[in-house]
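Listing of run-v5.cif, mmCIF, C-alpha atoms
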```cif
data_work
#
loop_
_atom_site.label_atom_id
_atom_site.label_comp_id
_atom_site.auth_asym_id
_atom_site.auth_seq_id
_atom_site.Cartn_x
_atom_site.Cartn_y
_atom_site.Cartn_z
CA MET A 1 -10.80 0.44 -13.85
CA ILE A 2 -11.53 -3.25 -13.86
CA LEU A 3 -12.30 -4.21 -10.29
CA GLU A 4 -12.68 -7.68 -8.84
CA ASN A 5 -14.42 -8.63 -5.64
CA VAL A 6 -12.30 -10.49 -3.11
CA ASP A 7 -13.21 -14.01 -2.11
CA VAL A 8 -15.48 -14.25 0.94
CA VAL A 9 -15.58 -17.20 3.36
CA THR A 10 -16.96 -17.78 6.83
CA ASP A 11 -14.22 -20.23 7.81
CA ILE A 12 -10.92 -21.42 6.39
CA SER A 13 -8.20 -23.84 7.39
CA LYS A 14 -4.63 -22.70 7.89
CA GLU A 15 -3.55 -24.92 4.99
CA ASP A 16 -6.16 -23.52 2.60
CA PHE A 17 -5.37 -19.95 3.63
CA GLN A 18 -1.63 -20.47 3.17
CA LYS A 19 -1.92 -22.23 -0.19
CA ASN A 20 -4.62 -20.18 -1.88
CA TYR A 21 -4.25 -16.71 -0.36
CA PHE A 22 -1.13 -15.99 1.69
CA LYS A 23 1.42 -17.49 -0.71
CA LYS A 24 -0.40 -15.98 -3.70
CA HIS A 25 -0.61 -12.53 -2.04
CA LYS A 26 -4.35 -12.64 -2.59
CA PRO A 27 -6.72 -10.79 -0.23
CA LEU A 28 -9.49 -12.67 1.54
CA LEU A 29 -12.51 -11.59 3.58
CA ILE A 30 -13.33 -13.94 6.46
CA LYS A 31 -16.82 -12.83 7.40
CA ASN A 32 -17.74 -12.71 11.11
CA PHE A 33 -14.33 -14.10 12.12
CA ALA A 34 -14.01 -11.85 15.16
CA SER A 35 -17.44 -12.87 16.45
CA ARG A 36 -15.77 -16.10 17.68
CA TRP A 37 -13.87 -14.20 20.36
CA ASP A 38 -15.22 -14.80 23.86
CA ALA A 39 -15.37 -11.06 24.50
CA PHE A 40 -16.40 -9.90 21.02
CA ASP A 41 -19.21 -7.87 22.63
CA LYS A 42 -16.56 -5.45 23.91
CA TRP A 43 -15.35 -4.57 20.41
CA ASN A 44 -17.72 -1.69 19.76
CA PHE A 45 -17.91 2.08 20.10
CA ASP A 46 -19.97 1.93 23.30
CA PHE A 47 -17.33 -0.08 25.16
CA ILE A 48 -14.48 2.10 23.86
CA ARG A 49 -16.44 5.25 24.74
CA GLU A 50 -17.00 3.96 28.28
CA LYS A 51 -13.38 2.91 28.89
CA ALA A 52 -11.46 5.60 26.97
CA GLY A 53 -14.02 8.41 26.83
CA GLU A 54 -11.94 10.96 28.70
CA GLN A 55 -8.81 10.44 26.58
CA GLU A 56 -7.96 13.30 24.26
CA VAL A 57 -7.36 12.01 20.74
CA PRO A 58 -5.80 13.73 17.72
CA LEU A 59 -8.09 13.89 14.69
CA TYR A 60 -7.30 14.10 10.99
CA ASP A 61 -9.48 14.96 8.01
CA ASN A 62 -9.46 14.14 4.30
CA LYS A 63 -7.05 16.89 3.31
CA PRO A 64 -3.66 15.72 2.02
CA ALA A 65 -0.57 16.32 4.12
CA ASP A 66 1.07 19.73 3.71
CA ALA A 67 4.48 19.38 2.07
CA ASN A 68 5.59 22.63 3.77
CA LYS A 69 5.18 21.15 7.25
CA SER A 70 7.68 18.80 8.87
CA THR A 71 4.94 16.71 10.46
CA ASP A 72 1.38 15.73 9.75
CA ALA A 73 -0.29 17.66 12.55
CA PRO A 74 -3.88 16.79 13.51
CA VAL A 75 -6.58 19.26 12.48
CA THR A 76 -8.09 19.17 15.97
CA LYS A 77 -8.22 17.20 19.20
CA MET A 78 -11.27 15.94 21.03
CA LYS A 79 -12.20 13.66 23.90
CA MET A 80 -12.81 10.13 22.67
CA LYS A 81 -16.41 10.15 23.93
CA ASP A 82 -17.17 13.35 22.00
CA TYR A 83 -15.51 12.00 18.88
CA ILE A 84 -17.50 8.75 19.00
CA ASP A 85 -20.72 10.68 19.59
CA THR A 86 -19.89 12.87 16.59
CA ILE A 87 -19.21 10.06 14.12
CA LYS A 88 -22.21 8.04 15.30
CA SER A 89 -24.64 10.92 14.85
CA ASN A 90 -23.35 13.05 11.94
CA PRO A 91 -21.52 12.65 8.65
CA SER A 92 -17.87 13.44 9.34
CA ASP A 93 -14.50 13.11 7.66
CA LEU A 94 -12.66 13.12 11.00
CA ARG A 95 -10.58 10.04 11.74
CA ILE A 96 -8.19 8.74 14.37
CA PHE A 97 -4.94 7.47 12.95
CA PHE A 98 -2.84 4.82 14.72
CA TYR A 99 -4.51 4.58 18.13
CA ILE A 100 -2.06 2.24 19.90
CA ILE A 101 -4.09 -0.15 22.04
CA THR A 102 -1.19 -1.18 24.31
CA ASP A 103 -0.71 2.46 25.36
CA ARG A 104 -4.27 3.78 25.30
CA LEU A 105 -6.66 0.88 26.06
CA PRO A 106 -4.66 -2.24 27.02
CA GLU A 107 -7.64 -4.05 28.57
CA LEU A 108 -9.10 -4.38 25.07
CA LEU A 109 -6.24 -6.74 24.23
CA LYS A 110 -7.63 -9.26 26.73
CA ASN A 111 -10.66 -9.51 24.45
CA PHE A 112 -8.77 -10.49 21.33
CA THR A 113 -6.96 -13.54 19.97
CA TYR A 114 -4.76 -13.80 16.90
CA PRO A 115 -6.05 -16.34 14.35
CA ASP A 116 -3.98 -19.40 13.60
CA LEU A 117 -3.52 -18.88 9.87
CA GLY A 118 0.18 -19.65 9.66
CA MET A 119 1.35 -16.05 9.45
CA LYS A 120 3.46 -14.03 11.84
CA PHE A 121 1.88 -10.99 13.41
CA PHE A 122 3.59 -7.78 14.45
CA LYS A 123 2.18 -7.90 17.99
CA ARG A 124 4.16 -5.01 19.42
CA LEU A 125 1.88 -2.30 18.03
CA PRO A 126 -1.75 -3.42 17.80
CA THR A 127 -3.63 -0.37 16.61
CA LEU A 128 -7.12 0.90 15.93
CA PHE A 129 -8.17 3.26 13.16
CA PHE A 130 -11.47 5.12 13.43
CA GLY A 131 -13.27 7.11 10.78
CA GLY A 132 -16.52 8.97 10.27
CA SER A 133 -18.87 8.11 7.41
CA GLU A 134 -17.11 10.52 5.02
CA ALA A 135 -13.53 9.77 6.06
CA HIS A 136 -11.11 8.29 3.61
CA VAL A 137 -7.42 7.57 3.69
CA LEU A 138 -5.22 8.68 0.83
CA MET A 139 -3.90 5.95 -1.43
CA HIS A 140 -0.76 4.55 0.18
CA TYR A 141 1.30 1.42 0.66
CA ASP A 142 2.68 -0.09 3.82
CA VAL A 143 6.42 -0.44 3.32
CA ASP A 144 7.11 -2.16 6.63
CA LEU A 145 4.01 -4.34 7.11
CA GLY A 146 3.21 -6.03 3.84
CA ASP A 147 1.09 -8.79 5.42
CA PHE A 148 -1.90 -7.26 7.05
CA LEU A 149 -4.80 -8.45 9.19
CA HIS A 150 -7.62 -5.92 9.21
CA ILE A 151 -10.53 -6.49 11.59
CA HIS A 152 -13.53 -4.28 11.01
CA PHE A 153 -15.92 -4.22 13.96
CA GLU A 154 -18.50 -1.46 13.48
CA GLY A 155 -20.02 0.52 10.61
CA LYS A 156 -19.20 0.11 6.92
CA LYS A 157 -15.91 0.32 5.10
CA ARG A 158 -14.78 0.08 1.50
CA ILE A 159 -11.22 -0.95 0.77
CA LEU A 160 -9.58 -0.63 -2.64
CA LEU A 161 -6.48 -2.82 -3.02
CA PHE A 162 -4.04 -2.99 -5.91
CA ASP A 163 -1.92 -5.99 -6.81
CA GLN A 164 1.86 -5.50 -6.61
CA LYS A 165 1.92 -5.99 -10.39
CA GLN A 166 0.15 -2.61 -10.64
CA SER A 167 2.73 -0.77 -8.53
CA ALA A 168 4.35 1.01 -11.49
CA PHE A 169 0.99 2.51 -12.49
CA LEU A 170 0.03 4.07 -9.15
CA TYR A 171 1.89 7.40 -9.40
CA LYS A 172 3.88 6.87 -6.22
CA VAL A 173 5.66 9.85 -4.72
CA PRO A 174 9.43 9.23 -4.35
CA LEU A 175 10.59 8.78 -0.73
CA SER A 176 6.99 8.60 0.43
CA VAL A 177 4.36 5.95 1.13
CA HIS A 178 1.67 7.89 -0.75
CA THR A 179 0.65 8.32 -4.35
CA ILE A 180 0.16 11.78 -5.84
CA TYR A 181 -2.92 13.48 -4.45
CA ASP A 182 -4.44 14.49 -7.78
CA VAL A 183 -5.40 10.95 -8.78
CA ASP A 184 -9.02 10.18 -7.92
CA TYR A 185 -9.01 6.40 -7.69
CA GLU A 186 -12.78 6.31 -7.35
CA ASN A 187 -13.20 8.12 -10.70
CA PRO A 188 -9.90 7.89 -12.61
CA ASP A 189 -9.14 10.41 -15.34
CA TYR A 190 -7.49 8.23 -17.95
CA GLU A 191 -6.70 11.18 -20.23
CA SER A 192 -4.67 13.11 -17.63
CA PHE A 193 -3.01 10.11 -16.03
CA ARG A 194 -1.41 7.57 -18.32
CA LEU A 195 2.03 6.03 -18.78
#
```
Output the file's structure as structure tokens, nothing else.
Amino acid sequence: MILENVDVVTDISKEDFQKNYFKKHKPLLIKNFASRWDAFDKWNFDFIREKAGEQEVPLYDNKPADANKSTDAPVTKMKMKDYIDTIKSNPSDLRIFFYIITDRLPELLKNFTYPDLGMKFFKRLPTLFFGGSEAHVLMHYDVDLGDFLHIHFEGKKRILLFDQKQSAFLYKVPLSVHTIYDVDYENPDYESFRL
């Protein structure tokens, strides 16, 4: 695979963002953008552990969804404080999927502002996604939210994005948001998977 790094900036004007990234559907990394928030110090595992530690959260692992089940059931449940302790101290593939802030930790929303980049945000469902050091999400596409603001606030993360022009080559599953599970996008097998 021929991979390209995304552009990285520390600041950008709305006009520049619109012209060179948003309208071109080109990803951009704005480094340290969230550090401008007045309450950025609350966007960390320690604060979330303190405020939501007793909440029971559903956890998922790296296994693909089971086609024989009508729902993607979590593999286990755990208190938030125990989950955060686990992923901070041990390698883990456990992750929290779609933790809705407005329902679960609304006070965190007071510590956040949407950037003025000229795009509309789907503000009804602000969500958090958590993952251990070995967690990964299966290749997928967001059918309802094509424009996406991802704020990463602790740990490391690698994101692999494909241009819409590559859509036909991604082995998408009909009537699903996922690609077939056999494709290893980190180490593609070009002999087994070709058009």
Box time for range 157-160 of chain A: axis-aligned, enclosing all its listed atoms, 5 Å extra on each side; report centre and edge lengths in Å to one decimal, as JSON.
```
{"center_x": -12.7, "center_y": -0.3, "center_z": 1.2, "size_x": 16.3, "size_y": 11.3, "size_z": 17.7}
```
Surrounding residues of Pro64 in chain A excluding itself and chain neighbours under 3 positions, 10 Å, only C-alpha atoms, as JSON, numbers by chain: {"A": [60, 61, 67, 72, 137, 138, 178, 180, 181, 182]}
Between CA of Met119 in chain A and CA of Asn44 in chain A, distance in Å (one decimal): 26.0 Å
Explicit residues for the PyMOL selection byres ((chain A and resi 19-35) around 12) (as an MDAnalysis selection string): chainID A and resid 4:18 36:44 111:120 146:154 159:165
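Distance annotation: of A:Asp46, A:Glu56, A:Asp142, A:Asp93, the residue with the minimal separation from Met78 in chain A is A:Glu56; atom set is all atoms listed in the file.
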Within 10 Å of Gly155 in chain A using all atoms listed in the file, minus same-chain residues under 3 positions, as a PyMOL selection string: chain A and resi 44-45+88+131-133+152
Two-atom distance - CA of Pro91 in chain A, CA of Ala135 in chain A (Å): 8.9 Å
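In this model, the gap between CA of Val183 in chain A and CA of Leu3 in chain A comes to 16.7 Å.
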Tell me, as a compact mmCIF listing (two decimals) with C-alpha atoms, keeping the file's coordinate frame, which residues lie within 10 Å of Glu54 in chain A, counting only C-alpha atoms; anything in the same chain fewer than 6 positions away does not count.
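So the final result, stored in result_31.txt, reads:
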```
# COMPACT_ATOMS: atom_id res chain seq x y z
CA MET A 78 -11.27 15.94 21.03
CA LYS A 79 -12.20 13.66 23.90
CA MET A 80 -12.81 10.13 22.67
CA LYS A 81 -16.41 10.15 23.93
CA ASP A 82 -17.17 13.35 22.00
```
Residues matched by the PyMOL selection byres ((chain A and resi 105) around 12) as a ChimeraX atom specification: /A:42-43,47-55,80,99-104,106-111,126-128
6 Å contact set for Lys77 in chain A, all atoms listed in the file, chain neighbours under 3 positions out, as a ChimeraX atom specification: /A:57-59
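Using all atoms listed in the file for every distance, the candidate list A:Phe97, A:Thr76, A:Phe193, A:Leu125 yields A:Phe193 as the residue closest to Tyr171 in chain A.
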Residue among A:Arg124, A:Lys157, A:Ala73, A:Arg194 lying closest to Phe169 in chain A, counting all atoms listed in the file: A:Arg194
Counting only C-alpha atoms, the residue of A:Lys156, A:Ile96, A:Met139, A:Ser167 that sits nearest Tyr185 in chain A: A:Met139
